[in-house]
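Asker: Take a look at the following structure, please.
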Amino acid sequence: MTIDGMNASSMKKIFCSSCGCIVGLDGNLVSVKSKLGKDVECMRCRNARISRDIDSMNEHFEGIPEEACSEF
Ligand SMILES: [Zn+2]
């Protein structure tokens with residue numbers, strides 16, 4: 001096995017499901033994600049999605065009236 005072959009087996013080129021760019025990701029990570037049926041994203045879209053999730057979570061908790069909390 002050549003060094004090039006080893007590199008090719010550890011890194012996989014994938015299409016980001018969000019922005020469509022081609023990114024090199026760890027092959028194990030890609031196979032795990034596809035086994036779980038999850039979309040494979042580039043790091044930029046992944047980070048953007050995570051910060052969006054945190055924002056919507058914050059909005060959710062800020063939306064709860066204070067009176068509802070004091071009842072407990
Ligand atoms: Zn992307």
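Ordered as shown in the structure tokens, chains take letters A, B, and onward, while each chain numbers its residues from 1 and ligands are numbered from 1 in the order shown.
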Enumerate, in order of chain and increasing residue number, the residues of chain A with an atom no farther than 12 Å from ligand 1, each with its shortest atom pair and distance in Å to one decimal, counting only C-alpha atoms and all ligand atoms, as CSV.

Answerer:
residue,atom,partner,partner_atom_place_in_ligand_line,distance
A:Ile14,CA,ligand 1,1 (Zn),10.2
A:Phe15,CA,ligand 1,1 (Zn),8.0
A:Cys16,CA,ligand 1,1 (Zn),4.7
A:Ser17,CA,ligand 1,1 (Zn),6.6
A:Ser18,CA,ligand 1,1 (Zn),5.0
A:Cys19,CA,ligand 1,1 (Zn),4.1
A:Gly20,CA,ligand 1,1 (Zn),6.0
A:Cys21,CA,ligand 1,1 (Zn),5.8
A:Ile22,CA,ligand 1,1 (Zn),8.1
A:Val23,CA,ligand 1,1 (Zn),8.1
A:Gly24,CA,ligand 1,1 (Zn),11.4
A:Leu25,CA,ligand 1,1 (Zn),11.9
A:Asp39,CA,ligand 1,1 (Zn),10.7
A:Val40,CA,ligand 1,1 (Zn),8.8
A:Glu41,CA,ligand 1,1 (Zn),5.3
A:Cys42,CA,ligand 1,1 (Zn),4.3
A:Met43,CA,ligand 1,1 (Zn),6.8
A:Arg44,CA,ligand 1,1 (Zn),5.8
A:Cys45,CA,ligand 1,1 (Zn),4.4
A:Arg46,CA,ligand 1,1 (Zn),7.3
A:Asn47,CA,ligand 1,1 (Zn),9.5
A:Ala48,CA,ligand 1,1 (Zn),9.1
A:Arg49,CA,ligand 1,1 (Zn),10.0

Asker: Between CA of Ser51 in chain A and CA of Val32 in chain A, measure the distance and give it in Å to one decimal.

Answerer: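 Distance between the two atoms: 22.7 Å.
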
Asker: Rounded to one decimal in Å, what is the spacing between CA of Ser34 in chain A and CA of Ile50 in chain A?

Answerer: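 These two atoms are separated by 19.0 Å.
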
Asker: What is the distance, in Å and to one decimal place, between CA of Lys12 in chain A and CA of Asp26 in chain A?

Answerer: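 Computing it gives 6.0 Å between the two atoms.
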